[in-house]
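Asker: TSV, C-alpha atoms, file coords.tsv:
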chain	number	residue	atom	x	y	z
A	1	GLU	CA	29.00	15.90	11.73
A	2	LEU	CA	29.75	19.39	10.54
A	3	PHE	CA	29.25	19.97	6.86
A	4	PRO	CA	28.84	23.32	5.15
A	5	GLU	CA	25.24	24.11	4.25
A	6	PRO	CA	24.63	24.38	0.51
A	7	ASP	CA	23.79	27.79	-0.88
A	8	ILE	CA	20.60	26.60	-2.58
A	9	LEU	CA	17.83	24.48	-1.11
A	10	ARG	CA	14.69	23.43	-2.91
A	11	ARG	CA	11.40	22.79	-1.12
A	12	ILE	CA	9.82	19.63	-2.48
A	13	SER	CA	6.65	17.76	-1.62
A	14	ILE	CA	6.63	13.98	-1.51
A	15	ASP	CA	3.09	12.88	-2.27
A	16	ALA	CA	1.20	10.14	-0.44
A	17	VAL	CA	1.31	6.78	-2.22
A	18	GLU	CA	-0.96	3.73	-2.10
A	19	PHE	CA	1.72	1.24	-1.09
A	20	ALA	CA	3.47	3.06	1.79
A	21	ASP	CA	2.72	5.45	4.63
A	22	ARG	CA	6.23	6.72	5.46
A	23	VAL	CA	9.42	7.79	3.69
A	24	ILE	CA	13.07	7.75	4.74
A	25	ILE	CA	15.17	10.34	2.91
A	26	ASP	CA	18.87	9.76	2.20
A	27	ASN	CA	18.93	6.82	4.63
A	28	LYS	CA	18.56	9.14	7.63
A	29	LEU	CA	16.12	8.33	10.40
A	30	PRO	CA	13.54	9.21	11.56
A	31	SER	CA	11.09	8.30	8.83
A	32	HIS	CA	8.45	10.85	7.86
A	33	LYS	CA	4.71	10.38	7.47
A	34	LEU	CA	3.46	10.91	3.90
A	35	PRO	CA	2.72	13.39	2.42
A	36	TYR	CA	5.83	15.28	3.47
A	37	GLN	CA	7.60	18.53	2.57
A	38	ILE	CA	11.35	19.03	2.91
A	39	ASP	CA	14.10	21.40	1.80
A	40	LEU	CA	16.86	19.55	-0.07
A	41	PRO	CA	19.98	20.66	-1.92
A	42	PRO	CA	20.28	19.86	-5.63
A	43	GLY	CA	21.75	16.47	-6.47
A	44	PRO	CA	20.87	12.79	-6.04
A	45	HIS	CA	18.66	11.74	-3.11
A	46	SER	CA	17.45	8.30	-2.07
A	47	PHE	CA	13.86	7.77	-0.96
A	48	LYS	CA	12.85	4.60	0.86
A	49	TYR	CA	9.07	4.23	0.94
A	50	VAL	CA	7.94	2.06	3.87
A	51	GLU	CA	4.60	0.48	4.78
A	52	SER	CA	4.63	0.40	8.60
A	53	ASN	CA	2.30	-2.58	9.00
A	54	THR	CA	4.08	-5.02	6.69
A	55	MET	CA	7.52	-3.36	6.57
A	56	PHE	CA	7.38	-3.55	2.78
A	57	SER	CA	9.84	-1.04	1.38
A	58	LEU	CA	10.68	0.35	-2.01
A	59	ASP	CA	13.92	2.21	-2.76
A	60	THR	CA	14.16	4.85	-5.44
A	61	THR	CA	16.66	7.54	-6.30
A	62	ILE	CA	15.79	10.95	-7.68
A	63	PHE	CA	18.03	13.64	-9.05
A	64	LEU	CA	16.91	17.04	-7.83
A	65	GLY	CA	17.88	19.84	-10.19
A	66	MET	CA	16.90	23.47	-10.35
A	67	ASP	CA	14.28	22.72	-13.00
A	68	SER	CA	12.93	19.50	-11.37
A	69	PRO	CA	9.26	19.40	-10.42
A	70	SER	CA	8.46	20.34	-6.83
A	71	ASN	CA	6.13	17.32	-6.32
A	72	PHE	CA	7.37	13.74	-6.37
A	73	SER	CA	5.06	10.76	-6.57
A	74	ILE	CA	5.14	7.14	-7.66
A	75	ASP	CA	2.19	5.44	-9.32
A	76	ALA	CA	1.54	2.05	-7.70
A	77	LYS	CA	0.60	0.59	-11.10
A	78	SER	CA	4.19	1.10	-12.25
A	79	LEU	CA	5.37	-1.26	-9.48
A	80	GLY	CA	3.59	-4.27	-10.91
A	81	SER	CA	1.06	-6.52	-9.28
A	82	GLY	CA	0.52	-9.30	-6.77
A	83	THR	CA	-2.10	-11.97	-6.27
A	84	LEU	CA	-4.98	-11.96	-3.80
A	85	SER	CA	-6.76	-15.17	-2.83
A	86	VAL	CA	-9.94	-15.09	-0.73
A	87	VAL	CA	-11.08	-18.41	0.71
A	88	VAL	CA	-13.73	-19.53	3.20
A	89	GLN	CA	-12.63	-21.80	6.02
A	90	ASP	CA	-14.79	-24.93	6.18
A	91	ALA	CA	-16.22	-24.17	2.75
A	92	ILE	CA	-17.44	-27.78	2.48
A	93	GLN	CA	-19.93	-27.13	5.33
A	94	VAL	CA	-20.86	-23.47	4.78
A	95	GLY	CA	-20.36	-22.95	1.05
A	96	TYR	CA	-19.42	-19.62	-0.45
A	97	ALA	CA	-19.34	-15.90	0.32
A	98	TYR	CA	-19.60	-12.80	-1.86
A	99	VAL	CA	-16.58	-10.54	-2.19
A	100	SER	CA	-16.44	-6.85	-3.13
A	101	VAL	CA	-13.02	-5.40	-3.95
A	102	ASP	CA	-12.40	-1.65	-3.59
A	103	GLY	CA	-16.13	-0.87	-3.49
A	104	THR	CA	-16.89	-2.12	-7.00
A	105	GLU	CA	-20.42	-3.16	-7.84
A	106	LYS	CA	-19.14	-6.37	-9.44
A	107	MET	CA	-19.69	-9.17	-6.92
A	108	ARG	CA	-17.45	-12.18	-6.97
A	109	THR	CA	-17.74	-15.41	-5.02
A	110	THR	CA	-15.20	-17.46	-3.11
A	111	PRO	CA	-12.86	-19.12	-3.76
A	112	LEU	CA	-11.45	-16.05	-5.48
A	113	ARG	CA	-8.05	-15.39	-7.01
A	114	LEU	CA	-7.21	-11.98	-8.53
A	115	ASP	CA	-4.15	-10.25	-9.90
A	116	MET	CA	-4.17	-6.79	-8.33
A	117	PRO	CA	-1.97	-3.70	-8.50
A	118	VAL	CA	0.43	-3.05	-5.62
A	119	GLY	CA	-1.09	-1.06	-2.77
A	120	LYS	CA	-3.90	-1.07	-0.24
A	121	HIS	CA	-7.24	-2.56	-1.21
A	122	ARG	CA	-10.54	-2.69	0.67
A	123	ILE	CA	-12.17	-6.11	0.80
A	124	ILE	CA	-15.79	-6.65	1.93
A	125	ILE	CA	-17.01	-10.22	2.46
A	126	PHE	CA	-20.69	-11.01	3.03
A	127	ARG	CA	-23.47	-13.55	2.66
A	128	GLU	CA	-27.10	-13.30	3.74
A	129	GLY	CA	-27.83	-15.32	6.87
A	130	TYR	CA	-24.21	-15.35	7.97
A	131	THR	CA	-21.80	-13.10	9.82
A	132	THR	CA	-18.43	-13.05	8.13
A	133	VAL	CA	-15.13	-12.65	9.96
A	134	PRO	CA	-13.54	-10.44	8.74
A	135	GLN	CA	-16.38	-8.55	7.13
A	136	ASP	CA	-14.66	-5.34	6.03
A	137	THR	CA	-10.87	-5.23	5.93
A	138	THR	CA	-7.91	-3.69	4.14
A	139	ILE	CA	-5.22	-5.83	2.60
A	140	ILE	CA	-1.85	-4.76	1.21
A	141	ILE	CA	-0.76	-6.27	-2.08
A	142	LEU	CA	3.00	-6.50	-2.53
A	143	PRO	CA	4.76	-6.89	-5.89
A	144	ASP	CA	5.10	-10.45	-7.16
A	145	ARG	CA	3.69	-11.96	-3.94
A	146	GLN	CA	0.56	-13.85	-3.09
A	147	SER	CA	-1.67	-12.70	-0.23
A	148	THR	CA	-4.33	-14.99	1.16
A	149	LEU	CA	-7.36	-13.78	3.09
A	150	ARG	CA	-9.12	-16.54	5.00
A	151	CYS	CA	-12.60	-15.81	6.31
A	152	ARG	CA	-15.13	-17.64	8.45
A	153	LEU	CA	-18.89	-17.76	8.01
A	154	ILE	CA	-20.88	-17.88	11.24
A	155	PRO	CA	-24.61	-18.67	10.87
A	156	ASN	CA	-26.92	-15.97	12.29
A	157	SER	CA	-29.15	-17.24	15.09
What would the structure in this file look like if it were written as C-alpha coordinates?
Answerer:
Amino acid sequence: ELFPEPDILRRISIDAVEFADRVIIDNKLPSHKLPYQIDLPPGPHSFKYVESNTMFSLDTTIFLGMDSPSNFSIDAKSLGSGTLSVVVQDAIQVGYAYVSVDGTEKMRTTPLRLDMPVGKHRIIIFREGYTTVPQDTTIIILPDRQSTLRCRLIPNS
(Lines of atoms letter the chains of each structure in order from A and count residues from 1; the text may use other names and numbers.)
(Lines give C-alpha, C1' and ligand atoms only; values in the text may rest on other atoms or scores of the structure.)
Protein backbone atom coordinates (compact mmCIF):
# COMPACT_ATOMS: atom_id res chain seq x y z
CA GLU A 1 0.00 0.00 0.00
CA LEU A 2 1.34 3.39 -0.93
CA PHE A 3 0.26 6.22 1.31
CA PRO A 4 1.92 9.60 1.62
CA GLU A 5 4.07 9.93 4.73
CA PRO A 6 2.82 12.55 7.18
CA ASP A 7 4.93 15.65 7.63
CA ILE A 8 5.13 15.27 11.41
CA LEU A 9 5.98 12.16 13.40
CA ARG A 10 6.21 11.96 17.16
CA ARG A 11 8.51 9.53 18.95
CA ILE A 12 6.63 7.93 21.84
CA SER A 13 7.60 5.32 24.40
CA ILE A 14 5.13 2.65 25.42
CA ASP A 15 6.04 1.59 28.94
CA ALA A 16 6.15 -1.99 30.20
CA VAL A 17 2.99 -3.03 32.04
CA GLU A 18 2.29 -5.74 34.62
CA PHE A 19 -0.42 -7.53 32.65
CA ALA A 20 1.18 -7.86 29.19
CA ASP A 21 4.56 -8.35 27.56
CA ARG A 22 3.80 -7.24 23.98
CA VAL A 23 1.87 -4.54 22.13
CA ILE A 24 0.26 -4.45 18.68
CA ILE A 25 -0.07 -0.93 17.29
CA ASP A 26 -2.90 0.02 14.92
CA ASN A 27 -3.75 -3.66 14.38
CA LYS A 28 -0.55 -4.23 12.38
CA LEU A 29 1.62 -7.25 13.03
CA PRO A 30 4.22 -8.05 14.19
CA SER A 31 3.71 -7.36 17.86
CA HIS A 32 6.45 -5.55 19.75
CA LYS A 33 8.08 -6.46 23.05
CA LEU A 34 7.45 -3.93 25.83
CA PRO A 35 8.82 -1.37 26.53
CA TYR A 36 8.82 -0.08 22.97
CA GLN A 37 9.56 3.17 21.14
CA ILE A 38 7.93 4.15 17.86
CA ASP A 39 7.42 7.18 15.62
CA LEU A 40 3.72 7.84 14.99
CA PRO A 41 1.82 10.60 13.22
CA PRO A 42 -0.66 12.68 15.24
CA GLY A 43 -4.17 11.27 15.48
CA PRO A 44 -5.93 8.24 16.98
CA HIS A 45 -3.98 4.99 17.43
CA SER A 46 -5.11 1.63 18.79
CA PHE A 47 -2.89 -0.33 21.17
CA LYS A 48 -3.57 -3.99 21.87
CA TYR A 49 -1.63 -5.17 24.91
CA VAL A 50 -1.05 -8.95 24.81
CA GLU A 51 0.23 -11.43 27.40
CA SER A 52 1.97 -14.11 25.31
CA ASN A 53 1.50 -16.97 27.78
CA THR A 54 -2.25 -16.64 28.31
CA MET A 55 -3.16 -14.62 25.20
CA PHE A 56 -5.01 -12.17 27.43
CA SER A 57 -5.39 -8.91 25.54
CA LEU A 58 -6.55 -5.43 26.34
CA ASP A 59 -7.51 -2.89 23.67
CA THR A 60 -7.15 0.82 24.20
CA THR A 61 -7.18 3.85 21.93
CA ILE A 62 -5.05 6.94 22.41
CA PHE A 63 -5.17 10.25 20.63
CA LEU A 64 -1.68 11.48 19.89
CA GLY A 65 -1.49 15.25 19.62
CA MET A 66 1.43 17.63 19.46
CA ASP A 67 1.16 18.33 23.18
CA SER A 68 0.55 14.69 24.27
CA PRO A 69 3.02 13.11 26.67
CA SER A 70 5.82 11.10 25.08
CA ASN A 71 5.36 8.13 27.49
CA PHE A 72 2.23 6.00 27.55
CA SER A 73 1.45 3.56 30.33
CA ILE A 74 -1.54 1.85 31.88
CA ASP A 75 -1.79 1.14 35.59
CA ALA A 76 -2.93 -2.45 36.18
CA LYS A 77 -4.99 -1.33 39.18
CA SER A 78 -7.23 0.65 36.83
CA LEU A 79 -8.17 -2.61 35.06
CA GLY A 80 -9.86 -4.11 38.09
CA SER A 81 -9.14 -7.36 39.83
CA GLY A 82 -9.51 -11.12 39.68
CA THR A 83 -9.57 -13.90 42.23
CA LEU A 84 -6.75 -16.27 43.15
CA SER A 85 -7.43 -19.55 44.93
CA VAL A 86 -4.56 -21.68 46.27
CA VAL A 87 -5.45 -25.21 47.32
CA VAL A 88 -3.51 -28.31 48.38
CA GLN A 89 -4.32 -31.56 46.61
CA ASP A 90 -5.11 -34.32 49.10
CA ALA A 91 -5.42 -31.76 51.89
CA ILE A 92 -7.27 -34.33 54.01
CA GLN A 93 -4.07 -36.43 54.25
CA VAL A 94 -1.34 -33.75 54.25
CA GLY A 95 -3.06 -30.71 55.74
CA TYR A 96 -2.08 -27.18 54.88
CA ALA A 97 0.73 -25.13 53.35
CA TYR A 98 1.93 -21.56 53.87
CA VAL A 99 1.56 -19.08 51.03
CA SER A 100 3.52 -15.87 50.38
CA VAL A 101 2.15 -13.51 47.73
CA ASP A 102 4.48 -11.05 45.99
CA GLY A 103 7.17 -11.44 48.65
CA THR A 104 5.10 -10.06 51.51
CA GLU A 105 6.00 -11.01 55.06
CA LYS A 106 2.36 -11.81 55.82
CA MET A 107 2.01 -15.60 55.67
CA ARG A 108 -1.31 -17.11 54.78
CA THR A 109 -2.39 -20.74 54.86
CA THR A 110 -4.30 -22.88 52.39
CA PRO A 111 -7.05 -23.03 51.36
CA LEU A 112 -6.61 -19.41 50.32
CA ARG A 113 -8.84 -17.11 48.29
CA LEU A 114 -7.75 -13.53 47.49
CA ASP A 115 -8.99 -10.69 45.34
CA MET A 116 -5.90 -9.41 43.52
CA PRO A 117 -5.17 -6.66 41.01
CA VAL A 118 -4.72 -7.64 37.36
CA GLY A 119 -1.17 -8.60 36.44
CA LYS A 120 1.63 -11.00 37.28
CA HIS A 121 2.07 -12.12 40.87
CA ARG A 122 4.76 -14.28 42.49
CA ILE A 123 3.45 -17.09 44.66
CA ILE A 124 5.68 -19.07 47.06
CA ILE A 125 4.24 -22.17 48.73
CA PHE A 126 6.08 -23.96 51.55
CA ARG A 127 5.78 -26.09 54.67
CA GLU A 128 8.52 -27.50 56.87
CA GLY A 129 9.08 -31.22 56.32
CA TYR A 130 7.52 -31.15 52.86
CA THR A 131 8.54 -30.33 49.32
CA THR A 132 5.85 -28.35 47.56
CA VAL A 133 5.11 -28.58 43.85
CA PRO A 134 5.11 -25.85 42.63
CA GLN A 135 7.23 -24.10 45.23
CA ASP A 136 7.88 -20.74 43.56
CA THR A 137 5.74 -19.71 40.59
CA THR A 138 4.24 -16.74 38.79
CA ILE A 139 0.54 -16.53 38.11
CA ILE A 140 -1.31 -14.05 35.91
CA ILE A 141 -4.52 -12.57 37.27
CA LEU A 142 -7.02 -11.55 34.62
CA PRO A 143 -9.89 -9.09 35.17
CA ASP A 144 -13.07 -10.58 36.60
CA ARG A 145 -11.75 -14.16 36.38
CA GLN A 146 -10.83 -16.77 38.92
CA SER A 147 -7.43 -18.46 38.79
CA THR A 148 -6.79 -21.62 40.79
CA LEU A 149 -3.34 -22.81 41.78
CA ARG A 150 -3.27 -26.44 42.91
CA CYS A 151 -0.18 -27.64 44.73
CA ARG A 152 1.06 -30.96 46.08
CA LEU A 153 2.90 -31.61 49.32
CA ILE A 154 5.49 -34.38 49.16
CA PRO A 155 6.91 -35.53 52.54
CA ASN A 156 10.70 -35.18 52.82
CA SER A 157 12.46 -38.50 53.42
Asker: Given the choices A:Gly129, A:Pro30, A:Pro35, A:Gly65, which gets closest to Ile8 of chain A if the distance is worked out from all atoms listed in the file?
Answerer: A:Gly65
Asker: Nearest to Asn53 of chain A: which of A:Val94, A:Leu149, A:Ala20, A:Ile123 is it, counting all atoms listed in the file?
Answerer: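 For Asn53 of chain A, the nearest of the candidates is A:Ala20.
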Asker: For a test of reading the model, state the distance in Å between atom CA of Thr61 of chain A and atom CA of Gly82 of chain A, rounded to one decimal.
Answerer: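 Between atom CA of Thr61 of chain A and atom CA of Gly82 of chain A the gap works out to 23.3 Å.
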Asker: For Glu128 of chain A, work out the shell of residues within 10 Å, counting only C-alpha atoms and skipping chain neighbours fewer than 2 positions away, then give it as a VMD selection string.
Answerer: chain A and resid 97 to 98 126 130 to 132 155 to 156
Asker: Name the residues in contact with segment 102-105 of chain A at a cut-off of 7 Å, using all atoms listed in the file, excluding same-chain residues fewer than 2 positions from it; report them as a list in words.
Answerer: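 Non-adjacent residues within range: Ser100, Met107, His121, Arg122 and Ile123 of chain A.
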Asker: Given the choices A:Leu142, A:Met55, A:Val118, A:Leu112, which gets closest to Val23 of chain A if the distance is worked out from only C-alpha atoms?
Answerer: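 Nearest to Val23 of chain A: A:Met55.
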Asker: Could you check the closest approach to Ser78 of chain A for each of A:Phe19, A:Phe47, A:Phe56, A:Phe63 and tell me which residue wins, using only C-alpha atoms?
Answerer: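 Going through A:Phe19, A:Phe47, A:Phe56, A:Phe63 one by one, the smallest distance to Ser78 of chain A is for A:Phe19.
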Asker: A:Ser157, A:Thr54, A:Thr60, A:Thr137: which is nearest Val86 of chain A, counting all atoms listed in the file?
Answerer: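 The shortest atom-to-atom distance to Val86 of chain A comes from A:Thr137.
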Asker: Mind giving me the straight-line distance from atom CA of Thr110 of chain A to atom CA of Tyr96 of chain A in Å, one decimal?
Answerer: 5.4 Å
Asker: For Glu18 of chain A, which residue among A:Lys120, A:Arg113, A:Lys106, A:Lys77 is the nearest when counting only C-alpha atoms?
Answerer: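 Comparing A:Lys120, A:Arg113, A:Lys106, A:Lys77 against Glu18 of chain A, the winner is A:Lys120.
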Asker: Would you list the contacts of Phe72 of chain A as a list in words, taking every protein, DNA or RNA residue within 12 Å and counting only C-alpha atoms, but skipping same-chain residues closer than 2 positions in sequence?
Answerer: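 Neighbouring residues, sequence-local ones excluded: Arg11, Ile12, Ser13, Ile14, Asp15, Ala16, Val17, Val23, Leu34, Pro35, Tyr36, Gln37, Ile38, His45, Phe47, Thr60, Thr61, Ile62, Phe63, Leu64, Ser68, Pro69, Ser70, Ile74 and Asp75 of chain A.
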Asker: To one decimal place, how far is atom CA of Asp67 of chain A from atom CA of Gly43 of chain A in Å?
Answerer: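 Result for atom CA of Asp67 of chain A versus atom CA of Gly43 of chain A: 11.7 Å, one decimal.
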Asker: Please determine the residues with any atom at most 7 Å from (22.0, 19.5, -0.5) (coordinates as given in the file, with all atoms listed in the file counting) and report them as a PyMOL selection string.
Answerer: chain A and resi 6+9+40-43
